[in-house]
Structure formats: C-alpha cells, structure tokens
Amino acid sequence: MPILKRIAEMHADISAWRRDIHAHPELGFEEHRTADVVAAKLAEFGIEVHRGIGRTGVVGVLRAGSSERSVGLRADMDALPIRETNTFAHRSTLQGKMHACGHDGHTAMLLGAARYLAEAKAFDGIVNFIFQPAEEGIGGAQAMIADGLFRRFPCDAIFGMHNRPGMPLGKFAVRSGPMMAGGAFFDIDIEGRGSHGARPEAGIDPVLVASHITVALQSIVSRNVRPVDTAVLSVTQIHSGDAYNVIPQTARLSGTVRAFSTEVMELVGRNMARVAEGVAAGFGARAKTDYRSIFAPLVNDPQEADFAASICTEIAGAESVRRDPALIMASEDFSFMLNEVRGCYINLGNGDGEGACEVHNPSYDFNDAALPYGASFFARLVEKRLGR
Ligand SMILES: [Zn+2]
Ligand SMILES: [Zn+2]
C-alpha cells in the first residue's frame, strides 16, 4: 500500500500548516505560538489536549475502542538561531530564527497523522501524540520526561522520525541498535599564574598548558577507546588572555565528545579529567574539568526497528527501505525517551535534488513532498500496532 489515500488528499493542508510554522520559527522552550497552533489543531480534530508538559510541550491523546494498548508518536517543534537566506514566500518572518532542521515538517506530519487517525479511528487502543519543545541541545525531551510524560501518558512503545537531506524522496532508513551518537559538552578551566609577557619565569603560562592539554586529549580516542568502538573528541574553543604583553592567569578549553555507548562516553570523560589535571600539574598549573552529558546515545530496539521497517516497506516498497544505514555522529534527544520506553527512530528522505541542502544551513527547507510519507508512516504504524 503506498501513501494513504486520505493523507494524499490532505497534502495541501499539511503543507500549509508546515509553511505557517516555518514562517514563525521559535527557539527551544519559546514555542508558544507553535504550541498554540498544535493544540488548536488537535482540539479541532477532536483529540484530548494536554499543555505545559516540559514547559511548552503538548500531548494529544486519542482513544478508539476499549483496549489499553498504547503507542507514542513524537515530533519536535523548535527552530534554530540562524538567519534564513531563502527568499520564498514562507521564509522566516523573524530575524535570526529559522526552521533549519525541519522540525516544522516533523510537527506538520504528526498533525496530519493525528487528523487522519481521529477521522478514521481504525484502531483499538490509545495514541499519545507527543509534541516536544527544545530538541536542539537544551533538554526538551528530559523536561517532558521530568514532567511525568510517560507516567501520565503511558506508552507501550514510542516512535519518531527525522528528515534526511540527500536521501531520495520516498525512501526510509531504519537501523537496529545504536543509530546516533551520544553527546557531551566539556569545559576545562586552567589556573596558572599571570605575569608580564616579557617575564615568563615569574608566572605559570596557562596558554601553554592549554595547548599541551589540547594535544594530549587527542590520545584518548586513539589510545584509550577500543579501536572497534567509535568516538570523537573535538576541542572547539580556546579562550585566554586580553593583551599582547600579559601572560594571563587563566585559560579555558571547551568542546564536544560523541560516542555510541554510555560506557565509551563515560570512559572519555574520566580520561579527559585525568589527562587535563595531570598535564596541568606537570607545568605547575591546575585544571578542573566539567564534563556534561547532553545527549544519550540513540539506540533502537531491534524488534521495534523491524516493526517500523515493515510499515515503511508497506508505504514505500522494500527497495525503498534501507536497513543498514551508516551510524550518525550527530545526536538527538529522542534518545532519552528511548531510554524510558522501547521504540525506534527512523529517517525519512528529504530528497537528493531540491531537498538535499543539509540541515542547520541557512538555505535549508523541509521538502513538502515528503509530508505524506511521514504522515502515512505514523498513521499506518498505529493501525497495524493497535489493529482491531
Ligand atoms: Zn537540528
Ligand atoms: Zn532536528
């Protein structure tokens, strides 16, 4: 079965919703208008609406029949602090804010599925539509979980999807097990002793210490992480000093770490602190490491991945469903929800022509032609999972 007929009929509506959200981007935890739009649509479809879960999060609950079986479907709503360079009619109306990751499309697709499911009610059980705020690294998923998301709206399994530029339209990618890296941010504060730039013997130069630490940190991935595991450690900021003739008192290194298991994430953190403190001590300085996990590794349940793939196959045909896509080094906070409830996260092609512009780029736009595929995926998933 290809795209659901009723969803194909809704394509113009879903595109209009998507473009409206695109034109009104809101950053993480500021999705007030977007949450209003989502809540109003859900109510219009006859779906029970719960607001303020994880601050600006919205949950819609749709019941059909009498079964207590349940499914959670999740979309993210936040935009990015990027100045859009597109000139089309639905471009951002807000300076410096932009839907450059396609969360406008994710939200619109889930609304499309919600409308279809509320009309057809061809299932027996409970669907929880989860509209999450603040996916872009500021803790929207954790905020919803901390607000009792899965206690108040129990889900037997949860599913989500992200568009993927460069992957042809109408194609899906579904991976079992680890799919996306976990991510940590770190700051290493180095305390030396300031002195005159011409009298280094009177001080302890934190710039030199920071430089040695930066180089030494590169041994962690190459010498401490098992070669069969994958990790990346990037020092992305070095801050110190204000003058040509002053050896500063302090320096700060900051950056990010990515890996596909919690064990490797923790191993890198432990070694980082040891290397930073040890190298600093060798120069008579002190270093303090703050290593913060921001994203958990995203791990799909193999059985739920098979189930999700079967839905994709139904919609797009087996030849359009990739089961062994490469691991993705970027992170995604749906991982925290998957740590609570088993489920699967999939990728949906955004197109290799017009839809190929990478996410987080000022020229990016979600491809409206992908909307019926994503909405059909969510809708069919519910009908099959909660079949009568
Ligand atoms: Zn993003
Ligand atoms: Zn995204």
# chains A, B, ... in the order shown; residues from 1 in each chain; ligands from 1

$ select_by_dssp --residues "segment 7-61 of chain A" --states "strand (DSSP E or B)" --output "number ranges by chain"
A: 48-51, 58-61

$ residues_near_ligand --ligand "ligand 2" --cutoff "12 Å" --atoms "only C-alpha atoms and all ligand atoms" --output "PyMOL selection string"
chain A and resi 28+75-80+98-107+132-137+160-165+330-334+347+358-361+364+366

$ write_last_selection --atoms "N, CA and C atoms" --output "compact mmCIF listing (two decimals), in the first residue's frame"
# COMPACT_ATOMS: atom_id res chain seq x y z
N GLY A 28 13.99 26.93 21.32
CA GLY A 28 13.65 25.96 22.36
C GLY A 28 13.03 26.59 23.59
N ALA A 75 7.07 14.29 17.74
CA ALA A 75 7.65 15.26 16.81
C ALA A 75 8.27 16.39 17.63
N ASP A 76 9.27 17.05 17.08
CA ASP A 76 9.89 18.19 17.77
C ASP A 76 9.43 19.49 17.11
N MET A 77 9.41 20.58 17.87
CA MET A 77 8.77 21.83 17.40
C MET A 77 9.72 23.02 17.30
N ASP A 78 10.95 22.91 17.81
CA ASP A 78 11.80 24.10 17.94
C ASP A 78 12.60 24.43 16.68
N ALA A 79 12.94 25.71 16.58
CA ALA A 79 13.76 26.22 15.47
C ALA A 79 15.16 26.54 15.98
N LEU A 80 15.98 27.12 15.11
CA LEU A 80 17.39 27.39 15.42
C LEU A 80 17.71 28.89 15.31
N MET A 98 15.11 30.43 12.59
CA MET A 98 14.80 29.69 11.36
C MET A 98 14.54 28.21 11.64
N HIS A 99 13.57 27.64 10.94
CA HIS A 99 13.38 26.19 10.97
C HIS A 99 14.37 25.57 10.00
N ALA A 100 15.60 25.41 10.46
CA ALA A 100 16.67 24.89 9.60
C ALA A 100 16.94 23.41 9.84
N CYS A 101 16.09 22.77 10.65
CA CYS A 101 16.30 21.34 10.91
C CYS A 101 15.07 20.54 10.50
N GLY A 102 14.04 21.24 9.98
CA GLY A 102 12.86 20.52 9.50
C GLY A 102 11.87 20.13 10.58
N HIS A 103 12.00 20.70 11.78
CA HIS A 103 11.05 20.36 12.84
C HIS A 103 9.65 20.88 12.50
N ASP A 104 9.59 21.90 11.63
CA ASP A 104 8.28 22.34 11.10
C ASP A 104 7.61 21.19 10.35
N GLY A 105 8.39 20.48 9.55
CA GLY A 105 7.86 19.33 8.81
C GLY A 105 7.46 18.19 9.74
N HIS A 106 8.31 17.93 10.75
CA HIS A 106 8.00 16.83 11.68
C HIS A 106 6.67 17.11 12.40
N THR A 107 6.51 18.35 12.83
CA THR A 107 5.27 18.72 13.54
C THR A 107 4.07 18.60 12.62
N GLN A 132 7.22 17.83 21.18
CA GLN A 132 8.29 18.15 22.12
C GLN A 132 8.94 19.51 21.84
N PRO A 133 9.23 20.28 22.87
CA PRO A 133 9.98 21.51 22.69
C PRO A 133 11.49 21.24 22.70
N ALA A 134 12.25 22.23 22.30
CA ALA A 134 13.69 22.32 22.65
C ALA A 134 14.50 21.07 22.39
N GLU A 135 14.44 20.56 21.16
CA GLU A 135 15.27 19.38 20.85
C GLU A 135 16.73 19.76 20.63
N GLU A 136 16.99 21.02 20.20
CA GLU A 136 18.34 21.40 19.75
C GLU A 136 19.30 21.64 20.93
N GLY A 137 19.46 20.63 21.75
CA GLY A 137 20.53 20.66 22.75
C GLY A 137 20.21 21.36 24.05
N GLY A 160 9.61 7.94 16.45
CA GLY A 160 9.84 9.29 15.97
C GLY A 160 10.61 9.22 14.67
N MET A 161 10.71 10.37 13.99
CA MET A 161 11.48 10.35 12.74
C MET A 161 12.13 11.71 12.49
N HIS A 162 13.22 11.68 11.73
CA HIS A 162 13.87 12.91 11.30
C HIS A 162 14.07 12.84 9.81
N ASN A 163 13.85 13.98 9.15
CA ASN A 163 14.12 14.05 7.72
C ASN A 163 15.62 13.96 7.48
N ARG A 164 15.97 13.43 6.32
CA ARG A 164 17.40 13.37 5.99
C ARG A 164 17.64 13.91 4.58
N PRO A 165 18.26 15.09 4.50
CA PRO A 165 18.63 15.65 3.20
C PRO A 165 19.64 14.75 2.50
N ALA A 330 25.97 12.71 14.67
CA ALA A 330 25.18 13.76 15.32
C ALA A 330 24.29 13.12 16.40
N SER A 331 23.69 13.95 17.24
CA SER A 331 22.89 13.45 18.36
C SER A 331 21.46 13.94 18.26
N GLU A 332 20.62 13.33 19.11
CA GLU A 332 19.18 13.57 19.03
C GLU A 332 18.61 13.21 20.39
N ASP A 333 17.79 14.10 20.98
CA ASP A 333 17.38 13.83 22.36
C ASP A 333 16.20 12.88 22.50
N PHE A 334 15.66 12.37 21.38
CA PHE A 334 14.69 11.28 21.45
C PHE A 334 15.33 10.07 22.16
N ASN A 347 14.70 7.55 9.75
CA ASN A 347 14.98 8.69 8.88
C ASN A 347 14.11 8.60 7.64
N GLU A 358 21.74 20.57 3.39
CA GLU A 358 21.91 20.00 4.73
C GLU A 358 21.12 20.78 5.80
N VAL A 359 20.71 20.08 6.85
CA VAL A 359 20.07 20.75 7.98
C VAL A 359 21.08 21.68 8.66
N HIS A 360 20.57 22.67 9.35
CA HIS A 360 21.35 23.70 10.06
C HIS A 360 22.05 24.65 9.08
N ASN A 361 21.65 24.61 7.81
CA ASN A 361 22.21 25.52 6.81
C ASN A 361 21.17 26.62 6.56
N TYR A 364 18.42 25.81 4.00
CA TYR A 364 17.64 24.58 4.14
C TYR A 364 16.13 24.85 4.11
N PHE A 366 12.47 22.19 4.63
CA PHE A 366 11.84 20.86 4.63
C PHE A 366 11.11 20.69 3.31

$ residues_around --residues "Asp352 of chain A" --least-positions-apart "6" --cutoff "7 Å" --atoms "only C-alpha atoms" --output "list in words"
Pro165, Gly166, Met167 and Pro168 of chain A

$ residues_around --residues "segment 143-146 of chain A" --least-positions-apart "6" --cutoff "12 Å" --atoms "only C-alpha atoms" --output "JSON, numbers by chain"
{"A": [28, 29, 50, 51, 52, 53, 54, 55, 56, 57, 58, 59, 74, 76, 130, 131, 132, 133, 134, 135, 137, 152, 153, 154, 333, 334, 335, 336, 337, 338, 339, 340, 341]}

$ write_last_selection --atoms "C-alpha atoms" --output "short mmCIF file (atom, residue, chain, number, x, y, z; two decimals), in the first residue's frame"
data_model
loop_
_atom_site.label_atom_id
_atom_site.label_comp_id
_atom_site.auth_asym_id
_atom_site.auth_seq_id
_atom_site.Cartn_x
_atom_site.Cartn_y
_atom_site.Cartn_z
CA GLY A 28 13.65 25.96 22.36
CA PHE A 29 11.18 26.45 25.23
CA HIS A 50 -2.63 18.48 27.47
CA ARG A 51 -0.38 21.52 27.56
CA GLY A 52 2.63 22.71 29.50
CA ILE A 53 4.36 19.32 29.67
CA GLY A 54 8.05 20.16 29.69
CA ARG A 55 7.15 23.87 29.64
CA THR A 56 5.94 24.38 26.04
CA GLY A 57 5.33 20.70 25.23
CA VAL A 58 1.93 19.44 24.09
CA VAL A 59 0.46 15.94 24.28
CA ARG A 74 6.82 12.13 18.81
CA ASP A 76 9.89 18.19 17.77
CA ILE A 130 3.96 13.97 21.74
CA PHE A 131 4.96 17.44 20.51
CA GLN A 132 8.29 18.15 22.12
CA PRO A 133 9.98 21.51 22.69
CA ALA A 134 13.69 22.32 22.65
CA GLU A 135 15.27 19.38 20.85
CA GLY A 137 20.53 20.66 22.75
CA ARG A 152 0.78 10.42 32.78
CA PHE A 153 0.65 9.08 29.22
CA PRO A 154 1.94 5.50 29.35
CA ASP A 333 17.38 13.83 22.36
CA PHE A 334 14.69 11.28 21.45
CA SER A 335 17.42 9.01 22.88
CA PHE A 336 16.28 9.98 26.40
CA MET A 337 12.73 8.90 25.61
CA LEU A 338 14.06 5.62 24.18
CA ASN A 339 15.88 5.09 27.48
CA GLU A 340 12.46 5.16 29.19
CA VAL A 341 10.30 3.30 26.66
#

$ closest_residue --among "A:Ile138, A:Ala305, A:Val207, A:Ile220" --to "ligand 1" --atoms "only C-alpha atoms and all ligand atoms"
A:Ile138

$ residues_around --residues "segment 290-296 of chain A" --least-positions-apart "2" --cutoff "6 Å" --atoms "only C-alpha atoms" --output "list of chain:residue names"
A:Gly182, A:Gly183, A:Ala184, A:Phe185, A:Phe186, A:Asp187, A:Asp333, A:Ser335

$ write_last_selection --atoms "N, CA, C and O atoms" --output "PDB file, in the first residue's frame"
ATOM      1  N   GLY A 182      25.791   9.575  21.275  1.00  0.00           N
ATOM      2  CA  GLY A 182      25.545  10.388  22.458  1.00  0.00           C
ATOM      3  C   GLY A 182      26.480  11.580  22.408  1.00  0.00           C
ATOM      4  O   GLY A 182      27.517  11.549  21.733  1.00  0.00           O
ATOM      5  N   GLY A 183      26.133  12.643  23.082  1.00  0.00           N
ATOM      6  CA  GLY A 183      26.969  13.843  23.020  1.00  0.00           C
ATOM      7  C   GLY A 183      27.205  14.427  24.392  1.00  0.00           C
ATOM      8  O   GLY A 183      26.310  14.443  25.240  1.00  0.00           O
ATOM      9  N   ALA A 184      28.437  14.861  24.637  1.00  0.00           N
ATOM     10  CA  ALA A 184      28.757  15.574  25.881  1.00  0.00           C
ATOM     11  C   ALA A 184      29.418  16.897  25.510  1.00  0.00           C
ATOM     12  O   ALA A 184      30.049  17.002  24.451  1.00  0.00           O
ATOM     13  N   PHE A 185      29.235  17.890  26.348  1.00  0.00           N
ATOM     14  CA  PHE A 185      29.983  19.135  26.239  1.00  0.00           C
ATOM     15  C   PHE A 185      30.955  19.178  27.405  1.00  0.00           C
ATOM     16  O   PHE A 185      30.662  18.629  28.473  1.00  0.00           O
ATOM     17  N   PHE A 186      32.116  19.824  27.183  1.00  0.00           N
ATOM     18  CA  PHE A 186      33.046  19.939  28.309  1.00  0.00           C
ATOM     19  C   PHE A 186      33.694  21.312  28.355  1.00  0.00           C
ATOM     20  O   PHE A 186      33.807  22.011  27.334  1.00  0.00           O
ATOM     21  N   ASP A 187      34.087  21.697  29.565  1.00  0.00           N
ATOM     22  CA  ASP A 187      34.903  22.891  29.811  1.00  0.00           C
ATOM     23  C   ASP A 187      36.052  22.470  30.704  1.00  0.00           C
ATOM     24  O   ASP A 187      35.838  21.772  31.691  1.00  0.00           O
ATOM     25  N   ASP A 333      17.787  14.099  20.976  1.00  0.00           N
ATOM     26  CA  ASP A 333      17.381  13.831  22.365  1.00  0.00           C
ATOM     27  C   ASP A 333      16.196  12.883  22.500  1.00  0.00           C
ATOM     28  O   ASP A 333      15.788  12.561  23.619  1.00  0.00           O
ATOM     29  N   SER A 335      16.678  10.065  22.175  1.00  0.00           N
ATOM     30  CA  SER A 335      17.418   9.005  22.878  1.00  0.00           C
ATOM     31  C   SER A 335      16.971   8.887  24.334  1.00  0.00           C
ATOM     32  O   SER A 335      16.876   7.784  24.866  1.00  0.00           O
TER      33      SER A 335
END

$ residues_around --residues "Leu117 of chain A" --least-positions-apart "4" --cutoff "10 Å" --atoms "only C-alpha atoms" --output "PDB file with N, CA, C and O atoms, in the first residue's frame"
ATOM      1  N   PHE A  45      -9.499  18.457  15.752  1.00  0.00           N
ATOM      2  CA  PHE A  45      -9.654  17.073  15.278  1.00  0.00           C
ATOM      3  C   PHE A  45     -10.417  16.211  16.299  1.00  0.00           C
ATOM      4  O   PHE A  45     -10.661  15.038  16.056  1.00  0.00           O
ATOM      5  N   ILE A  47      -9.270  15.656  19.475  1.00  0.00           N
ATOM      6  CA  ILE A  47      -8.272  14.944  20.289  1.00  0.00           C
ATOM      7  C   ILE A  47      -8.099  15.688  21.619  1.00  0.00           C
ATOM      8  O   ILE A  47      -8.054  16.920  21.647  1.00  0.00           O
ATOM      9  N   LEU A  62      -5.586  10.268  21.908  1.00  0.00           N
ATOM     10  CA  LEU A  62      -6.714   9.806  21.093  1.00  0.00           C
ATOM     11  C   LEU A  62      -7.001   8.345  21.435  1.00  0.00           C
ATOM     12  O   LEU A  62      -6.108   7.499  21.372  1.00  0.00           O
ATOM     13  N   ARG A  63      -8.249   8.076  21.830  1.00  0.00           N
ATOM     14  CA  ARG A  63      -8.647   6.699  22.155  1.00  0.00           C
ATOM     15  C   ARG A  63      -9.637   6.193  21.122  1.00  0.00           C
ATOM     16  O   ARG A  63     -10.486   6.952  20.653  1.00  0.00           O
ATOM     17  N   ALA A  64      -9.544   4.910  20.828  1.00  0.00           N
ATOM     18  CA  ALA A  64     -10.562   4.258  19.993  1.00  0.00           C
ATOM     19  C   ALA A  64     -10.739   2.857  20.552  1.00  0.00           C
ATOM     20  O   ALA A  64      -9.764   2.238  20.989  1.00  0.00           O
ATOM     21  N   LEU A 111       0.774  16.124  12.911  1.00  0.00           N
ATOM     22  CA  LEU A 111      -0.590  16.681  12.902  1.00  0.00           C
ATOM     23  C   LEU A 111      -1.432  16.017  11.811  1.00  0.00           C
ATOM     24  O   LEU A 111      -2.610  15.725  12.017  1.00  0.00           O
ATOM     25  N   GLY A 112      -0.821  15.777  10.664  1.00  0.00           N
ATOM     26  CA  GLY A 112      -1.538  15.112   9.563  1.00  0.00           C
ATOM     27  C   GLY A 112      -1.991  13.720   9.973  1.00  0.00           C
ATOM     28  O   GLY A 112      -3.138  13.321   9.744  1.00  0.00           O
ATOM     29  N   ALA A 113      -1.074  12.969  10.610  1.00  0.00           N
ATOM     30  CA  ALA A 113      -1.426  11.625  11.078  1.00  0.00           C
ATOM     31  C   ALA A 113      -2.519  11.698  12.132  1.00  0.00           C
ATOM     32  O   ALA A 113      -3.443  10.873  12.147  1.00  0.00           O
ATOM     33  N   LYS A 121     -10.360   6.433  12.919  1.00  0.00           N
ATOM     34  CA  LYS A 121     -10.442   5.641  14.165  1.00  0.00           C
ATOM     35  C   LYS A 121     -10.403   4.144  13.893  1.00  0.00           C
ATOM     36  O   LYS A 121     -11.139   3.373  14.524  1.00  0.00           O
ATOM     37  N   ALA A 122      -9.562   3.742  12.942  1.00  0.00           N
ATOM     38  CA  ALA A 122      -9.484   2.332  12.572  1.00  0.00           C
ATOM     39  C   ALA A 122      -8.435   1.613  13.419  1.00  0.00           C
ATOM     40  O   ALA A 122      -7.510   0.993  12.898  1.00  0.00           O
ATOM     41  N   PHE A 123      -8.549   1.764  14.741  1.00  0.00           N
ATOM     42  CA  PHE A 123      -7.629   1.069  15.641  1.00  0.00           C
ATOM     43  C   PHE A 123      -8.326   0.882  16.983  1.00  0.00           C
ATOM     44  O   PHE A 123      -9.398   1.449  17.212  1.00  0.00           O
ATOM     45  N   VAL A 127      -3.502   6.410  21.400  1.00  0.00           N
ATOM     46  CA  VAL A 127      -2.350   7.035  20.742  1.00  0.00           C
ATOM     47  C   VAL A 127      -2.009   8.320  21.485  1.00  0.00           C
ATOM     48  O   VAL A 127      -2.887   9.159  21.725  1.00  0.00           O
ATOM     49  N   PHE A 378       3.295   7.297  10.321  1.00  0.00           N
ATOM     50  CA  PHE A 378       2.717   7.365  11.673  1.00  0.00           C
ATOM     51  C   PHE A 378       1.319   6.736  11.707  1.00  0.00           C
ATOM     52  O   PHE A 378       0.968   6.002  12.634  1.00  0.00           O
ATOM     53  N   ALA A 379       0.516   7.048  10.680  1.00  0.00           N
ATOM     54  CA  ALA A 379      -0.869   6.581  10.667  1.00  0.00           C
ATOM     55  C   ALA A 379      -0.950   5.057  10.536  1.00  0.00           C
ATOM     56  O   ALA A 379      -1.648   4.382  11.298  1.00  0.00           O
ATOM     57  N   ARG A 380      -0.198   4.506   9.585  1.00  0.00           N
ATOM     58  CA  ARG A 380      -0.229   3.057   9.376  1.00  0.00           C
ATOM     59  C   ARG A 380       0.369   2.315  10.567  1.00  0.00           C
ATOM     60  O   ARG A 380      -0.069   1.219  10.913  1.00  0.00           O
ATOM     61  N   VAL A 382       0.144   3.078  13.661  1.00  0.00           N
ATOM     62  CA  VAL A 382      -0.886   2.952  14.703  1.00  0.00           C
ATOM     63  C   VAL A 382      -1.902   1.884  14.305  1.00  0.00           C
ATOM     64  O   VAL A 382      -2.264   1.016  15.110  1.00  0.00           O
ATOM     65  N   GLU A 383      -2.353   1.939  13.043  1.00  0.00           N
ATOM     66  CA  GLU A 383      -3.381   0.973  12.621  1.00  0.00           C
ATOM     67  C   GLU A 383      -2.887  -0.458  12.702  1.00  0.00           C
ATOM     68  O   GLU A 383      -3.655  -1.371  12.999  1.00  0.00           O
TER      69      GLU A 383
END

$ select_by_dssp --residues "segment 123-301 of chain A" --states "helix (DSSP H, G or I)" --output "number ranges by chain"
A: 140-146, 149-152, 200-202, 206-224, 262-282

$ atom_distance --atom1 "atom CA of Cys357 of chain A" --atom2 "atom CA of Arg91 of chain A"
15.3 Å

$ residues_around --residues "Val246 of chain A" --least-positions-apart "3" --cutoff "7 Å" --atoms "only C-alpha atoms" --output "VMD selection string"
chain A and resid 195 to 197 243

$ closest_atom_pairs --of "segment 85-198 of chain A" --to "segment 4-15 of chain A" --cutoff "7 Å" --atoms "only C-alpha atoms" --output "Markdown table"
| residue | atom | partner | partner_atom | distance |
| --- | --- | --- | --- | --- |
| A:Ala108 | CA | A:Ile14 | CA | 5.9 |
| A:Met109 | CA | A:Ile14 | CA | 7.0 |
| A:Gly112 | CA | A:Ile14 | CA | 6.0 |
| A:Tyr116 | CA | A:Ile7 | CA | 6.8 |

$ write_last_selection --atoms "N, CA and C atoms" --output "short mmCIF file (atom, residue, chain, number, x, y, z; two decimals), in the first residue's frame"
data_model
loop_
_atom_site.label_atom_id
_atom_site.label_comp_id
_atom_site.auth_asym_id
_atom_site.auth_seq_id
_atom_site.Cartn_x
_atom_site.Cartn_y
_atom_site.Cartn_z
N ALA A 108 4.21 19.09 11.39
CA ALA A 108 3.09 19.04 10.43
C ALA A 108 2.72 17.60 10.09
N MET A 109 3.72 16.73 9.93
CA MET A 109 3.43 15.33 9.60
C MET A 109 2.67 14.64 10.72
N GLY A 112 -0.82 15.78 10.66
CA GLY A 112 -1.54 15.11 9.56
C GLY A 112 -1.99 13.72 9.97
N TYR A 116 -5.88 12.28 10.46
CA TYR A 116 -6.32 11.04 9.80
C TYR A 116 -6.84 10.03 10.83
#

$ atom_distance --atom1 "atom CA of Ala141 of chain A" --atom2 "atom CA of Glu31 of chain A"
14.0 Å

$ closest_residue --among "A:Phe159, A:His90, A:Ala43, A:Gly351" --to "Arg18 of chain A" --atoms "only C-alpha atoms"
A:His90

$ closest_residue --among "A:Glu304, A:Leu253, A:Ala375, A:Ala276" --to "Arg115 of chain A" --atoms "only C-alpha atoms"
A:Ala375

$ atom_distance --atom1 "atom CA of Ala369 of chain A" --atom2 "atom CA of Glu319 of chain A"
19.1 Å

$ closest_residue --among "A:Ser92, A:Cys312, A:Phe307, A:Ile190" --to "Ser254 of chain A" --atoms "only C-alpha atoms"
A:Ile190

$ closest_residue --among "A:Gly353, A:Gly203, A:Gly192, A:Gly241" --to "Lys288 of chain A" --atoms "only C-alpha atoms"
A:Gly192
